[in-house]
file protein34.cif (mmCIF, C-alpha atoms)
data_coords
#
loop_
_atom_site.label_atom_id
_atom_site.label_comp_id
_atom_site.auth_asym_id
_atom_site.auth_seq_id
_atom_site.Cartn_x
_atom_site.Cartn_y
_atom_site.Cartn_z
CA MET A 1 -33.55 -18.05 6.77
CA THR A 2 -31.78 -15.82 9.31
CA THR A 3 -28.30 -14.56 8.47
CA ILE A 4 -25.90 -14.38 11.43
CA GLY A 5 -23.42 -11.57 11.93
CA TYR A 6 -20.92 -10.37 14.51
CA ALA A 7 -20.62 -7.12 16.48
CA LEU A 8 -17.23 -5.41 16.43
CA SER A 9 -17.24 -3.66 19.81
CA SER A 10 -15.03 -0.58 19.48
CA GLU A 11 -15.57 0.24 23.14
CA GLU A 12 -13.82 -2.93 24.33
CA HIS A 13 -10.99 -3.57 21.87
CA PRO A 14 -8.03 -1.72 20.33
CA PRO A 15 -8.05 -1.16 16.56
CA ARG A 16 -5.68 -3.96 15.53
CA ASN A 17 -7.69 -6.44 17.56
CA LEU A 18 -10.90 -5.30 15.88
CA VAL A 19 -9.37 -5.99 12.49
CA GLY A 20 -8.32 -9.44 13.70
CA HIS A 21 -11.81 -10.08 15.04
CA ALA A 22 -13.32 -9.25 11.65
CA VAL A 23 -10.97 -11.73 9.98
CA ALA A 24 -11.81 -14.36 12.61
CA ALA A 25 -15.55 -13.72 12.21
CA GLU A 26 -15.31 -14.32 8.47
CA ARG A 27 -13.30 -17.50 9.06
CA ALA A 28 -15.79 -18.75 11.67
CA GLY A 29 -18.70 -18.45 9.25
CA PHE A 30 -20.34 -15.14 10.15
CA SER A 31 -21.81 -13.44 7.09
CA PHE A 32 -21.58 -9.81 8.17
CA ALA A 33 -20.39 -7.51 10.94
CA LEU A 34 -21.33 -4.13 12.38
CA ILE A 35 -18.76 -1.89 14.04
CA SER A 36 -19.75 0.60 16.73
CA ASP A 37 -18.84 4.24 16.04
CA HIS A 38 -18.17 6.00 19.36
CA TYR A 39 -16.00 8.78 20.73
CA HIS A 40 -16.17 7.40 24.29
CA PRO A 41 -16.74 3.93 25.73
CA TRP A 42 -19.77 3.49 27.97
CA ILE A 43 -17.63 2.92 31.07
CA ASP A 44 -13.92 3.38 31.65
CA ARG A 45 -13.39 -0.37 32.19
CA GLN A 46 -14.16 -1.01 28.54
CA GLY A 47 -11.13 1.09 27.82
CA HIS A 48 -11.21 1.85 24.08
CA SER A 49 -12.90 3.88 21.38
CA PRO A 50 -10.81 4.01 18.18
CA PHE A 51 -11.90 5.98 15.12
CA ALA A 52 -14.14 3.46 13.38
CA TRP A 53 -13.44 4.75 9.87
CA SER A 54 -9.72 4.03 10.13
CA VAL A 55 -10.47 0.51 11.36
CA LEU A 56 -12.90 -0.03 8.49
CA GLY A 57 -10.21 0.67 5.92
CA ALA A 58 -8.01 -2.04 7.40
CA ILE A 59 -10.90 -4.50 7.58
CA ALA A 60 -11.65 -3.91 3.90
CA GLU A 61 -8.12 -5.05 3.02
CA ARG A 62 -8.07 -8.06 5.35
CA THR A 63 -11.44 -9.61 4.47
CA SER A 64 -12.89 -10.82 1.20
CA ASP A 65 -16.52 -11.89 1.76
CA LEU A 66 -17.64 -10.34 5.05
CA ARG A 67 -20.23 -7.59 4.63
CA VAL A 68 -19.53 -4.77 7.08
CA GLY A 69 -21.54 -1.79 8.27
CA THR A 70 -21.42 0.84 10.98
CA GLY A 71 -23.57 0.01 13.95
CA VAL A 72 -24.25 2.89 14.10
CA THR A 73 -22.87 6.27 13.00
CA CYS A 74 -24.51 9.50 14.15
CA PRO A 75 -24.25 11.99 11.24
CA LEU A 76 -25.81 14.85 13.19
CA ILE A 77 -23.50 16.79 15.51
CA ARG A 78 -19.99 15.46 16.09
CA ILE A 79 -19.52 14.83 12.35
CA HIS A 80 -21.37 16.81 9.66
CA PRO A 81 -23.33 14.61 7.24
CA ALA A 82 -21.27 15.90 4.30
CA ILE A 83 -18.15 14.45 5.95
CA VAL A 84 -19.91 11.19 6.81
CA ALA A 85 -20.98 11.00 3.16
CA GLN A 86 -17.35 11.23 2.04
CA ALA A 87 -16.18 8.70 4.65
CA ALA A 88 -18.92 6.24 3.69
CA ALA A 89 -18.30 6.66 -0.04
CA THR A 90 -14.57 6.01 0.34
CA THR A 91 -15.17 3.04 2.61
CA ALA A 92 -17.77 1.58 0.26
CA ALA A 93 -15.34 1.93 -2.66
CA MET A 94 -12.74 -0.04 -0.68
CA PHE A 95 -15.21 -2.79 0.24
CA GLU A 96 -16.42 -3.14 -3.37
CA GLY A 97 -20.07 -3.79 -2.60
CA ARG A 98 -19.65 -5.21 0.93
CA PHE A 99 -20.30 -2.03 2.96
CA PHE A 100 -23.46 -0.42 4.32
CA LEU A 101 -23.90 2.67 6.45
CA GLY A 102 -25.87 2.31 9.67
CA VAL A 103 -27.10 5.62 11.09
CA GLY A 104 -28.97 6.75 14.17
CA THR A 105 -29.76 9.76 16.32
CA GLY A 106 -26.78 9.13 18.59
CA GLU A 107 -25.97 9.56 22.26
CA ASN A 108 -24.97 12.61 24.26
CA LEU A 109 -22.00 10.49 25.42
CA ASN A 110 -20.37 10.96 22.01
CA GLU A 111 -21.98 14.03 20.50
CA HIS A 112 -21.40 16.71 23.15
CA ILE A 113 -17.62 16.86 22.74
CA LEU A 114 -17.45 20.01 20.58
CA GLY A 115 -19.65 21.98 22.95
CA ASP A 116 -22.83 21.74 20.89
CA PRO A 117 -26.16 21.45 22.70
CA TRP A 118 -27.82 18.06 22.88
CA PRO A 119 -31.17 18.40 21.06
CA ARG A 120 -34.40 16.78 22.17
CA TYR A 121 -35.34 13.51 20.51
CA ALA A 122 -37.88 14.95 18.05
CA ALA A 123 -35.30 17.45 16.80
CA ARG A 124 -32.71 14.69 16.37
CA ASN A 125 -35.18 12.74 14.26
CA GLU A 126 -35.64 15.80 12.03
CA MET A 127 -31.87 16.19 11.82
CA LEU A 128 -31.43 12.55 10.83
CA ARG A 129 -33.96 12.85 8.04
CA GLU A 130 -32.13 15.90 6.70
CA ALA A 131 -28.69 14.32 7.13
CA VAL A 132 -29.70 11.31 5.01
CA GLU A 133 -30.98 13.71 2.33
CA VAL A 134 -27.61 15.51 2.33
CA MET A 135 -25.64 12.28 2.03
CA ARG A 136 -27.76 10.85 -0.76
CA GLN A 137 -27.49 14.05 -2.76
CA LEU A 138 -23.71 14.01 -2.42
CA TRP A 139 -23.57 10.33 -3.42
CA THR A 140 -24.96 11.28 -6.83
CA GLY A 141 -21.53 12.70 -7.63
CA GLU A 142 -23.08 15.98 -8.73
CA LEU A 143 -22.07 19.44 -7.51
CA THR A 144 -24.30 19.86 -4.47
CA SER A 145 -25.61 22.80 -2.50
CA TYR A 146 -28.14 22.26 0.26
CA GLU A 147 -29.97 24.72 2.47
CA GLY A 148 -31.90 22.99 5.21
CA ALA A 149 -33.19 23.76 8.66
CA HIS A 150 -30.17 22.06 10.24
CA TYR A 151 -27.46 21.66 7.58
CA GLN A 152 -25.93 23.73 4.85
CA VAL A 153 -23.71 22.47 2.04
CA GLU A 154 -22.14 24.82 -0.48
CA ASN A 155 -20.76 23.67 -3.83
CA ALA A 156 -19.56 20.26 -2.65
CA ARG A 157 -18.88 17.29 -4.90
CA LEU A 158 -17.69 13.78 -4.04
CA TYR A 159 -15.28 12.44 -6.63
CA THR A 160 -14.54 9.03 -5.10
CA LEU A 161 -17.69 6.94 -5.15
CA PRO A 162 -18.49 3.21 -5.08
CA GLU A 163 -19.89 1.55 -8.17
CA GLU A 164 -23.26 0.98 -6.48
CA PRO A 165 -25.14 3.31 -4.09
CA THR A 166 -24.37 2.75 -0.39
CA PRO A 167 -27.34 1.25 1.51
CA VAL A 168 -28.41 3.23 4.58
CA MET A 169 -29.73 1.21 7.53
CA VAL A 170 -31.49 3.27 10.20
CA ALA A 171 -31.44 2.44 13.91
CA ALA A 172 -34.71 2.46 15.83
CA GLY A 173 -35.64 1.86 19.43
CA GLY A 174 -39.30 2.81 19.36
CA PRO A 175 -42.32 3.15 17.06
CA GLU A 176 -41.55 6.71 15.92
CA SER A 177 -37.99 5.91 14.92
CA ALA A 178 -39.09 2.64 13.27
CA GLU A 179 -41.51 4.65 11.13
CA LEU A 180 -38.73 7.09 10.19
CA ALA A 181 -36.49 4.15 9.29
CA GLY A 182 -39.18 2.82 6.97
CA GLU A 183 -39.51 6.20 5.31
CA ILE A 184 -35.84 7.08 4.75
CA GLY A 185 -33.85 3.85 5.21
CA ASP A 186 -32.84 0.84 3.19
CA GLY A 187 -33.09 -1.31 6.31
CA LEU A 188 -33.69 -1.28 10.08
CA ILE A 189 -31.28 -1.86 12.97
CA THR A 190 -32.43 -2.46 16.56
CA THR A 191 -31.41 -4.22 19.76
CA ALA A 192 -34.57 -6.08 20.78
CA PRO A 193 -36.76 -8.70 19.06
CA ARG A 194 -39.85 -6.51 19.02
CA ALA A 195 -42.34 -7.43 16.31
CA GLU A 196 -44.03 -4.03 16.59
CA LEU A 197 -40.82 -2.35 15.41
CA ALA A 198 -40.56 -4.67 12.43
CA ASP A 199 -44.22 -4.13 11.60
CA GLY A 200 -43.98 -0.35 11.96
CA PHE A 201 -40.89 -0.27 9.75
CA ARG A 202 -42.56 -2.31 7.04
CA SER A 203 -45.81 -0.36 7.09
CA ALA A 204 -43.92 2.95 6.72
CA GLY A 205 -42.12 1.88 3.55
CA GLY A 206 -39.74 -0.82 4.69
CA ASP A 207 -41.53 -3.82 3.24
CA GLY A 208 -39.01 -6.16 1.63
CA LYS A 209 -36.03 -4.38 3.18
CA PRO A 210 -33.60 -6.09 5.60
CA LEU A 211 -34.01 -5.95 9.38
CA TYR A 212 -30.98 -6.28 11.67
CA GLY A 213 -31.23 -7.21 15.34
CA GLN A 214 -28.37 -7.11 17.83
CA LEU A 215 -28.09 -9.87 20.45
CA THR A 216 -25.67 -9.22 23.32
CA VAL A 217 -24.17 -12.36 24.88
CA CYS A 218 -21.29 -13.43 27.05
CA TRP A 219 -19.94 -16.88 26.30
CA ALA A 220 -17.67 -18.48 28.91
CA PRO A 221 -17.03 -22.07 30.02
CA THR A 222 -19.66 -21.67 32.79
CA ARG A 223 -22.59 -19.36 33.35
CA ASP A 224 -21.06 -18.02 36.57
CA GLN A 225 -17.88 -17.07 34.73
CA ALA A 226 -19.90 -15.40 32.01
CA LEU A 227 -21.89 -13.42 34.58
CA ASP A 228 -18.66 -12.23 36.18
CA VAL A 229 -17.29 -11.07 32.83
CA ALA A 230 -20.52 -9.40 31.73
CA SER A 231 -20.84 -7.59 35.07
CA GLU A 232 -17.29 -6.30 34.80
CA TRP A 233 -17.27 -5.25 31.15
CA TRP A 234 -20.87 -4.42 30.17
CA PRO A 235 -23.02 -3.58 33.23
CA ASN A 236 -24.46 -0.64 31.28
CA ALA A 237 -26.72 -3.16 29.49
CA ALA A 238 -28.87 -3.28 32.63
CA ILE A 239 -29.29 0.50 33.00
CA PRO A 240 -32.95 1.23 32.18
CA GLY A 241 -34.69 4.14 30.49
CA ASP A 242 -33.24 6.97 28.46
CA ALA A 243 -29.89 7.20 30.24
CA SER A 244 -28.01 5.69 27.29
CA GLN A 245 -29.06 8.65 25.12
CA GLU A 246 -28.86 11.42 27.69
CA LEU A 247 -25.79 10.99 29.94
CA PRO A 248 -22.65 12.78 28.72
CA LEU A 249 -19.73 10.98 30.39
CA PRO A 250 -18.52 7.42 31.05
CA GLN A 251 -18.27 8.30 34.75
CA HIS A 252 -22.04 8.81 34.84
CA PHE A 253 -22.57 5.31 33.46
CA GLU A 254 -20.05 4.05 36.03
CA GLN A 255 -22.13 5.60 38.79
CA LEU A 256 -25.36 4.03 37.58
CA SER A 257 -23.63 0.71 36.95
CA GLY A 258 -22.76 0.62 40.63
CA LEU A 259 -26.48 0.21 41.34
CA VAL A 260 -26.86 -2.69 38.91
CA THR A 261 -26.88 -6.20 40.35
CA ARG A 262 -25.27 -9.29 38.87
CA GLU A 263 -28.74 -10.78 38.42
CA GLN A 264 -29.92 -7.74 36.47
CA VAL A 265 -26.95 -8.07 34.13
CA GLY A 266 -27.84 -11.73 33.64
CA ARG A 267 -31.36 -10.76 32.62
CA SER A 268 -30.05 -8.21 30.09
CA ILE A 269 -27.22 -10.29 28.61
CA LEU A 270 -27.41 -13.95 27.62
CA CYS A 271 -24.65 -15.53 29.73
CA GLY A 272 -23.24 -19.01 29.45
CA PRO A 273 -22.18 -21.89 27.18
CA ASP A 274 -25.52 -23.53 26.34
CA PRO A 275 -25.90 -23.51 22.52
CA ASP A 276 -29.65 -24.12 22.83
CA GLU A 277 -30.06 -20.84 24.70
CA HIS A 278 -28.10 -18.91 22.08
CA ILE A 279 -30.08 -20.47 19.24
CA SER A 280 -33.36 -19.80 21.05
CA ARG A 281 -32.54 -16.12 21.47
CA ILE A 282 -31.55 -15.80 17.82
CA ARG A 283 -34.83 -17.42 16.83
CA GLU A 284 -36.73 -14.86 18.91
CA PHE A 285 -35.50 -12.25 16.45
CA ALA A 286 -36.44 -14.45 13.49
CA ASP A 287 -39.92 -14.97 14.95
CA ALA A 288 -40.30 -11.19 15.31
CA GLY A 289 -39.54 -10.74 11.62
CA PHE A 290 -35.80 -10.07 11.59
CA ASP A 291 -33.78 -11.69 8.81
CA ASN A 292 -30.36 -10.67 10.15
CA VAL A 293 -29.06 -11.11 13.71
CA TYR A 294 -25.61 -9.96 14.80
CA VAL A 295 -24.08 -11.16 18.04
CA HIS A 296 -22.06 -9.02 20.46
CA GLN A 297 -19.72 -11.10 22.63
CA VAL A 298 -18.91 -9.17 25.79
CA GLY A 299 -15.41 -9.32 27.23
CA PRO A 300 -11.88 -10.22 26.16
CA ASP A 301 -12.43 -13.85 25.14
CA GLN A 302 -13.44 -13.47 21.53
CA GLU A 303 -11.49 -16.57 20.42
CA GLY A 304 -13.50 -18.87 22.69
CA PHE A 305 -16.70 -17.28 21.43
CA PHE A 306 -15.70 -17.84 17.79
CA ARG A 307 -14.93 -21.52 18.46
CA PHE A 308 -18.23 -21.96 20.28
CA TYR A 309 -20.31 -20.41 17.51
CA ALA A 310 -18.38 -22.09 14.69
CA ASP A 311 -18.73 -25.53 16.31
CA GLN A 312 -22.05 -25.45 18.15
CA VAL A 313 -24.29 -22.62 16.96
CA LEU A 314 -23.79 -21.60 13.33
CA PRO A 315 -24.01 -25.16 11.90
CA ARG A 316 -27.47 -25.54 13.48
CA LEU A 317 -28.68 -22.30 11.93
CA SER A 318 -27.52 -22.93 8.37
#
call {"tool": "encode", "arguments": {"input": "protein34.cif", "output": "structure tokens"}}
result
Amino acid sequence: MTTIGYALSSEEHPPRNLVGHAVAAERAGFSFALISDHYHPWIDRQGHSPFAWSVLGAIAERTSDLRVGTGVTCPLIRIHPAIVAQAAATTAAMFEGRFFLGVGTGENLNEHILGDPWPRYAARNEMLREAVEVMRQLWTGELTSYEGAHYQVENARLYTLPEEPTPVMVAAGGPESAELAGEIGDGLITTAPRAELADGFRSAGGDGKPLYGQLTVCWAPTRDQALDVASEWWPNAAIPGDASQELPLPQHFEQLSGLVTREQVGRSILCGPDPDEHISRIREFADAGFDNVYVHQVGPDQEGFFRFYADQVLPRLS
């Protein structure tokens, strides 16, 4: 059975709204949520990028059953893994067993801001492996020193810890990162229903661990309206290749988005009010081996989306 979750899009919504969306997602019947952890939005039109860890604290107090994770945090450059370890431990203690940490190798868009160089992909994979080692050592609660190729920790100890260890879900977009996720992660996060990623994750050590897939949609009363909204708020979904990892500024994504057609957006984002289409796309993830699917509703109308899923989609997936 596939568990359905909701994507809290920090790039599109102010912090108080995100907290309200988490409450509404729980009320609508979603089982979990992932919140994006960015410094910048993808394009200026999206307009927001609050500090995810502050928002998480408020969500912990306003929800009771919703499991929540970061989707995803980069513990490599902008924030040292020792600080992410403390943030995650505090957040997990507040959620009392309902929090997991999603991690990935990040995007130049968010990680360049302190003037650090943007490493090549292979180096970022090495850094992620080391960062997870640092965090797990600190989560033991013991006095920790660490001397690695990328990170150093000297006589650090976390005093506030959750009762149970915090699960670490690792994001992957290709075979190499899926293998790394299987080796170091407690679960996999990805954005496409690709069976080869699920298989690679399982064969590298992820067998029996959860797999999370993100489905981006735009519900509106008509498909044309949904296409208009998706083209305005999330045209970056149709930008191909490695641009999402490599470009440093929202204005660069704006420039590329100007070359994206409405039809291309419609091929990248499920647009419209047909529940059969939404259910079919969710089942594509299930058929590829994913047991958790979380849905990102593009645009301002989150209330209409919640009504649609609560009335016409979630009951047919239970």
call {"tool": "atom_distance", "arguments": {"input": "protein34.cif", "atom1": "CA of Ala178 (chain A)", "atom2": "CA of Phe201 (chain A)"}}
result
4.9 Å
call {"tool": "atom_distance", "arguments": {"input": "protein34.cif", "atom1": "CA of Glu147 (chain A)", "atom2": "CA of Phe100 (chain A)"}}
result
26.0 Å
call {"tool": "closest_residue", "arguments": {"input": "protein34.cif", "among": "A:Val229, A:Ala87, A:Ala220, A:Val72", "to": "Leu188 (chain A)", "atoms": "all atoms listed in the file"}}
result
A:Val72
call {"tool": "resolve_selection", "arguments": {"input": "protein34.cif", "expression": "the PyMOL selection byres ((chain A and resi 183-185) around 6)", "output": "PDB file with C-alpha atoms, in the frame of the given file"}}
result
ATOM      1  CA  VAL A 168     -28.410   3.230   4.580  1.00  0.00           C
ATOM      2  CA  MET A 169     -29.730   1.210   7.530  1.00  0.00           C
ATOM      3  CA  VAL A 170     -31.490   3.270  10.200  1.00  0.00           C
ATOM      4  CA  LEU A 180     -38.730   7.090  10.190  1.00  0.00           C
ATOM      5  CA  ALA A 181     -36.490   4.150   9.290  1.00  0.00           C
ATOM      6  CA  GLY A 182     -39.180   2.820   6.970  1.00  0.00           C
ATOM      7  CA  ASP A 186     -32.840   0.840   3.190  1.00  0.00           C
ATOM      8  CA  GLY A 187     -33.090  -1.310   6.310  1.00  0.00           C
ATOM      9  CA  ALA A 204     -43.920   2.950   6.720  1.00  0.00           C
ATOM     10  CA  GLY A 205     -42.120   1.880   3.550  1.00  0.00           C
TER      11      GLY A 205
END
call {"tool": "atom_distance", "arguments": {"input": "protein34.cif", "atom1": "CA of Ser9 (chain A)", "atom2": "CA of Ile35 (chain A)"}}
result
6.2 Å
call {"tool": "resolve_selection", "arguments": {"input": "protein34.cif", "expression": "the PyMOL selection byres ((chain A and resi 255-261) around 8)", "output": "MDAnalysis selection string"}}
result
chainID A and resid 235:236 238:239 251:254 262:265
call {"tool": "closest_residue", "arguments": {"input": "protein34.cif", "among": "A:Arg136, A:Arg129, A:His112, A:His150", "to": "His38 (chain A)", "atoms": "all atoms listed in the file"}}
result
A:His112
call {"tool": "resolve_selection", "arguments": {"input": "protein34.cif", "expression": "the PyMOL selection byres ((chain A and resi 73) around 9)", "output": "list of chain:residue names"}}
result
A:Ser36, A:Asp37, A:His38, A:Thr70, A:Gly71, A:Val72, A:Cys74, A:Pro75, A:Val84, A:Leu101, A:Gly102, A:Val103, A:Gly104, A:Thr105, A:Gly106
call {"tool": "residues_around", "arguments": {"input": "protein34.cif", "residues": "Ala286 (chain A)", "least_positions_apart": "5", "cutoff": "12 Å", "atoms": "all atoms listed in the file", "output": "MDAnalysis selection string"}}
result
chainID A and resid 1:4 192:195 198 210:215 279:281 291:294 317
call {"tool": "residues_near_point", "arguments": {"input": "protein34.cif", "point": "(-24.2, 14.8, 20.7)", "cutoff": "10 Å", "atoms": "all atoms listed in the file", "output": "PyMOL selection string"}}
result
chain A and resi 74-79+105-119+124+245-246+248
call {"tool": "residues_around", "arguments": {"input": "protein34.cif", "residues": "region 64-67 of chain A", "least_positions_apart": "6", "cutoff": "9 Å", "atoms": "all atoms listed in the file", "output": "NGL selection string"}}
result
:A and (5 or 22-23 or 25-26 or 30-34 or 95 or 97-100)
call {"tool": "residues_around", "arguments": {"input": "protein34.cif", "residues": "region 159-163 of chain A", "least_positions_apart": "5", "cutoff": "6 Å", "atoms": "only C-alpha atoms", "output": "PyMOL selection string"}}
result
chain A and resi 89+92-93
call {"tool": "closest_residue", "arguments": {"input": "protein34.cif", "among": "A:Glu284, A:Asp44, A:Asp274, A:Glu164", "to": "Glu232 (chain A)", "atoms": "all atoms listed in the file"}}
result
A:Asp44
call {"tool": "closest_residue", "arguments": {"input": "protein34.cif", "among": "A:Ala288, A:Val153, A:Val55, A:Cys218", "to": "Gly69 (chain A)", "atoms": "only C-alpha atoms"}}
result
A:Val55
call {"tool": "residues_around", "arguments": {"input": "protein34.cif", "residues": "Leu270 (chain A)", "least_positions_apart": "5", "cutoff": "10 Å", "atoms": "all atoms listed in the file", "output": "PyMOL selection string"}}
result
chain A and resi 215-219+223+226-227+230+265+277-278+281+297-298
call {"tool": "build_atoms", "arguments": {"input": "protein34.cif", "residues": "region 273-303 of chain A", "atoms": "N, CA and C atoms", "output": "mmCIF file, in the frame of the given file"}}
result
data_model
loop_
_atom_site.group_PDB
_atom_site.id
_atom_site.type_symbol
_atom_site.label_atom_id
_atom_site.label_comp_id
_atom_site.auth_asym_id
_atom_site.auth_seq_id
_atom_site.Cartn_x
_atom_site.Cartn_y
_atom_site.Cartn_z
ATOM 1 N N PRO A 273 -22.663 -21.082 28.296
ATOM 2 C CA PRO A 273 -22.180 -21.890 27.180
ATOM 3 C C PRO A 273 -23.215 -22.846 26.579
ATOM 4 N N ASP A 274 -24.498 -22.613 26.846
ATOM 5 C CA ASP A 274 -25.520 -23.530 26.340
ATOM 6 C C ASP A 274 -25.915 -23.127 24.918
ATOM 7 N N PRO A 275 -25.570 -23.898 23.903
ATOM 8 C CA PRO A 275 -25.900 -23.510 22.520
ATOM 9 C C PRO A 275 -27.402 -23.395 22.290
ATOM 10 N N ASP A 276 -28.200 -24.199 23.012
ATOM 11 C CA ASP A 276 -29.650 -24.120 22.830
ATOM 12 C C ASP A 276 -30.188 -22.746 23.220
ATOM 13 N N GLU A 277 -29.614 -22.158 24.276
ATOM 14 C CA GLU A 277 -30.060 -20.840 24.700
ATOM 15 C C GLU A 277 -29.704 -19.790 23.650
ATOM 16 N N HIS A 278 -28.507 -19.877 23.097
ATOM 17 C CA HIS A 278 -28.100 -18.910 22.080
ATOM 18 C C HIS A 278 -28.979 -19.041 20.843
ATOM 19 N N ILE A 279 -29.238 -20.246 20.420
ATOM 20 C CA ILE A 279 -30.080 -20.470 19.240
ATOM 21 C C ILE A 279 -31.505 -19.990 19.506
ATOM 22 N N SER A 280 -32.004 -20.238 20.707
ATOM 23 C CA SER A 280 -33.360 -19.800 21.050
ATOM 24 C C SER A 280 -33.483 -18.292 20.987
ATOM 25 N N ARG A 281 -32.480 -17.578 21.487
ATOM 26 C CA ARG A 281 -32.540 -16.120 21.470
ATOM 27 C C ARG A 281 -32.433 -15.571 20.057
ATOM 28 N N ILE A 282 -31.636 -16.211 19.230
ATOM 29 C CA ILE A 282 -31.550 -15.800 17.820
ATOM 30 C C ILE A 282 -32.898 -16.017 17.142
ATOM 31 N N ARG A 283 -33.538 -17.127 17.452
ATOM 32 C CA ARG A 283 -34.830 -17.420 16.830
ATOM 33 C C ARG A 283 -35.932 -16.478 17.302
ATOM 34 N N GLU A 284 -35.771 -15.881 18.476
ATOM 35 C CA GLU A 284 -36.730 -14.860 18.910
ATOM 36 C C GLU A 284 -36.745 -13.696 17.919
ATOM 37 N N PHE A 285 -35.559 -13.313 17.454
ATOM 38 C CA PHE A 285 -35.500 -12.250 16.450
ATOM 39 C C PHE A 285 -36.152 -12.700 15.149
ATOM 40 N N ALA A 286 -35.844 -13.933 14.729
ATOM 41 C CA ALA A 286 -36.440 -14.450 13.490
ATOM 42 C C ALA A 286 -37.961 -14.481 13.602
ATOM 43 N N ASP A 287 -38.477 -14.898 14.757
ATOM 44 C CA ASP A 287 -39.920 -14.970 14.950
ATOM 45 C C ASP A 287 -40.569 -13.580 14.926
ATOM 46 N N ALA A 288 -39.790 -12.563 15.308
ATOM 47 C CA ALA A 288 -40.300 -11.190 15.310
ATOM 48 C C ALA A 288 -40.169 -10.533 13.935
ATOM 49 N N GLY A 289 -39.609 -11.261 12.977
ATOM 50 C CA GLY A 289 -39.540 -10.740 11.620
ATOM 51 C C GLY A 289 -38.195 -10.257 11.156
ATOM 52 N N PHE A 290 -37.138 -10.529 11.946
ATOM 53 C CA PHE A 290 -35.800 -10.070 11.590
ATOM 54 C C PHE A 290 -35.075 -11.146 10.776
ATOM 55 N N ASP A 291 -34.486 -10.727 9.658
ATOM 56 C CA ASP A 291 -33.780 -11.690 8.810
ATOM 57 C C ASP A 291 -32.275 -11.653 8.991
ATOM 58 N N ASN A 292 -31.782 -10.747 9.835
ATOM 59 C CA ASN A 292 -30.360 -10.670 10.150
ATOM 60 C C ASN A 292 -30.189 -10.446 11.648
ATOM 61 N N VAL A 293 -29.352 -11.259 12.289
ATOM 62 C CA VAL A 293 -29.060 -11.110 13.710
ATOM 63 C C VAL A 293 -27.549 -11.060 13.878
ATOM 64 N N TYR A 294 -27.053 -10.021 14.554
ATOM 65 C CA TYR A 294 -25.610 -9.960 14.800
ATOM 66 C C TYR A 294 -25.342 -10.004 16.295
ATOM 67 N N VAL A 295 -24.310 -10.762 16.654
ATOM 68 C CA VAL A 295 -24.080 -11.160 18.040
ATOM 69 C C VAL A 295 -22.883 -10.398 18.612
ATOM 70 N N HIS A 296 -23.107 -9.754 19.749
ATOM 71 C CA HIS A 296 -22.060 -9.020 20.460
ATOM 72 C C HIS A 296 -21.580 -9.872 21.628
ATOM 73 N N GLN A 297 -20.347 -10.353 21.539
ATOM 74 C CA GLN A 297 -19.720 -11.100 22.630
ATOM 75 C C GLN A 297 -19.016 -10.135 23.557
ATOM 76 N N VAL A 298 -19.474 -10.074 24.798
ATOM 77 C CA VAL A 298 -18.910 -9.170 25.790
ATOM 78 C C VAL A 298 -17.627 -9.755 26.365
ATOM 79 N N GLY A 299 -16.617 -8.917 26.532
ATOM 80 C CA GLY A 299 -15.410 -9.320 27.230
ATOM 81 C C GLY A 299 -14.243 -9.677 26.337
ATOM 82 N N PRO A 300 -13.097 -10.001 26.936
ATOM 83 C CA PRO A 300 -11.880 -10.220 26.160
ATOM 84 C C PRO A 300 -11.853 -11.515 25.354
ATOM 85 N N ASP A 301 -12.590 -12.544 25.767
ATOM 86 C CA ASP A 301 -12.430 -13.850 25.140
ATOM 87 C C ASP A 301 -13.257 -13.972 23.864
ATOM 88 N N GLN A 302 -12.765 -13.353 22.824
ATOM 89 C CA GLN A 302 -13.440 -13.470 21.530
ATOM 90 C C GLN A 302 -13.092 -14.807 20.858
ATOM 91 N N GLU A 303 -11.893 -15.308 21.072
ATOM 92 C CA GLU A 303 -11.490 -16.570 20.420
ATOM 93 C C GLU A 303 -12.368 -17.731 20.881
#
